[in-house]
Amino acid sequence: MNDSAHSNSAETRLRDQVAGCTRLLNMLDLLGYSGHVSTRLPEGDRFLIQPFDQSRAELAPEHLLVCDMDGNRLAGPEGERPPSEVYIHSEILRARPDVNCIAHFHHDLTTTFTLVEGVRLVPVKNHAVRWADGIPVHPDPSHVSDQALGRGLAETLGSHGAVQIRAHGQVVVAESIPGLLIDCVHFTENAEAQYRAQLLGKVLPLTEAEIEAFKHDFKRARHLPKLWAYYVGRGRAAGVLPADWQLEF
Ligand SMILES: [Zn+2]
């Protein structure tokens, strides 16, 4: 790997977080064999992402590649290339300065909400107020394998916190890796809750008043450290996360 890859502590910490988040999302059965997580580096115009075929269950900080905003590999283990859908990450990071971290995955039950006429994913659980401004559905189910396709997806995402890709999967964006992990958990939990509720009868999405009340009371800055510590603890207890990775909030 590039000698400068671990040259600063901020990058070392981000590498540990991306590898840790990837292993946790895999442990939770959200990521699957081909999902990927990225984070913007402090320089702003580069990001970390895992190699194309590295096992999500065994990803380590030193496996990560550094890529530029055109999706080109700049540094990383010799012979490794980024995932073919790297353009999801490069184009969203380019379009959204407020976003630092992105997860793309193919969660079957959540994707189901792109397959049925008249049925859309909506916030039904309290933590889904994060997506109260809408969960757009990108109409093109193609593999996002070039810059133009990545730009199109970034346009569909717009200013939202997540986007569904029809008959394909989902993208969740956040300000930090702990925030990203928790958002992925809440996003898929909301889909599972809506799915079960629809089996029982007419779904009652959160009302405007309920959304506003929860937003008023909810403190993301307090919620994220608690849940991050919980999932890191579960990962360590399960032997999924090495003890020496920097995963304190
Ligand atoms: Zn995909």
# chains A, B, ... in the order shown; residues from 1 in each chain; ligands from 1

call {"tool": "closest_atom_pairs", "arguments": {"of": "chain A", "to": "ligand 1", "cutoff": "8 Å", "atoms": "only C-alpha atoms and all ligand atoms", "output": "tab-separated table"}}
result
residue	atom	partner	partner_atom_place_in_ligand_line	distance
A:Ser34	CA	ligand 1	1 (Zn)	7.4
A:Gly35	CA	ligand 1	1 (Zn)	6.9
A:Glu85	CA	ligand 1	1 (Zn)	6.5
A:His104	CA	ligand 1	1 (Zn)	6.5
A:Phe105	CA	ligand 1	1 (Zn)	6.1
A:His106	CA	ligand 1	1 (Zn)	6.2
A:His143	CA	ligand 1	1 (Zn)	5.8
A:Val144	CA	ligand 1	1 (Zn)	6.8
A:His168	CA	ligand 1	1 (Zn)	6.1
A:Gly169	CA	ligand 1	1 (Zn)	6.0
A:Gln170	CA	ligand 1	1 (Zn)	7.7

call {"tool": "select_by_dssp", "arguments": {"residues": "region 30-115 of chain A", "states": "helix (DSSP H, G or I)", "output": "VMD selection string"}}
result
chain A and resid 61 to 63 86 to 95 108 to 114

call {"tool": "closest_atom_pairs", "arguments": {"of": "region 3-86 of chain A", "to": "region 208-228 of chain A", "cutoff": "12 Å", "atoms": "only C-alpha atoms", "output": "tab-separated table"}}
result
residue	atom	partner	partner_atom	distance
A:Gln17	CA	A:Trp228	CA	10.6
A:Gly20	CA	A:Trp228	CA	10.7
A:Cys21	CA	A:Trp228	CA	9.5
A:Leu24	CA	A:Trp228	CA	10.3
A:Leu25	CA	A:Trp228	CA	12.0

call {"tool": "write_last_selection", "arguments": {"atoms": "all heavy atoms", "output": "CSV table (one decimal), in the first residue's frame"}}
result
chain,number,residue,atom,x,y,z
A,17,GLN,N,-12.8,3.1,10.9
A,17,GLN,CA,-14.3,3.3,10.9
A,17,GLN,C,-14.9,2.6,9.7
A,17,GLN,O,-16.0,2.0,9.8
A,17,GLN,CB,-14.6,4.8,11.0
A,17,GLN,CG,-14.4,5.4,12.3
A,17,GLN,CD,-15.1,6.8,12.5
A,17,GLN,OE1,-15.5,7.3,11.5
A,17,GLN,NE2,-15.1,7.3,13.7
A,20,GLY,N,-14.7,-1.0,10.1
A,20,GLY,CA,-15.6,-1.5,11.1
A,20,GLY,C,-17.0,-1.4,10.7
A,20,GLY,O,-17.8,-2.3,11.0
A,21,CYS,N,-17.4,-0.3,10.1
A,21,CYS,CA,-18.8,-0.1,9.6
A,21,CYS,C,-19.2,-1.2,8.6
A,21,CYS,O,-20.3,-1.8,8.7
A,21,CYS,CB,-19.0,1.3,9.0
A,21,CYS,SG,-20.6,1.6,8.4
A,24,LEU,N,-19.7,-4.4,10.4
A,24,LEU,CA,-21.0,-4.4,11.2
A,24,LEU,C,-22.2,-4.5,10.3
A,24,LEU,O,-23.1,-5.3,10.6
A,24,LEU,CB,-21.0,-3.2,12.0
A,24,LEU,CG,-20.1,-3.1,13.2
A,24,LEU,CD1,-20.1,-1.7,13.9
A,24,LEU,CD2,-20.4,-4.2,14.2
A,25,LEU,N,-22.2,-3.8,9.2
A,25,LEU,CA,-23.3,-3.9,8.2
A,25,LEU,C,-23.4,-5.3,7.7
A,25,LEU,O,-24.5,-5.8,7.4
A,25,LEU,CB,-23.2,-2.9,7.1
A,25,LEU,CG,-23.4,-1.4,7.5
A,25,LEU,CD1,-23.0,-0.5,6.3
A,25,LEU,CD2,-24.8,-1.2,8.0

call {"tool": "closest_residue", "arguments": {"among": "A:Leu115, A:Val124, A:Ile177, A:Ala148", "to": "Ile165 (chain A)", "atoms": "only C-alpha atoms"}}
result
A:Leu115

call {"tool": "atom_distance", "arguments": {"atom1": "CA of Asp68 (chain A)", "atom2": "CA of Arg46 (chain A)"}}
result
4.6 Å
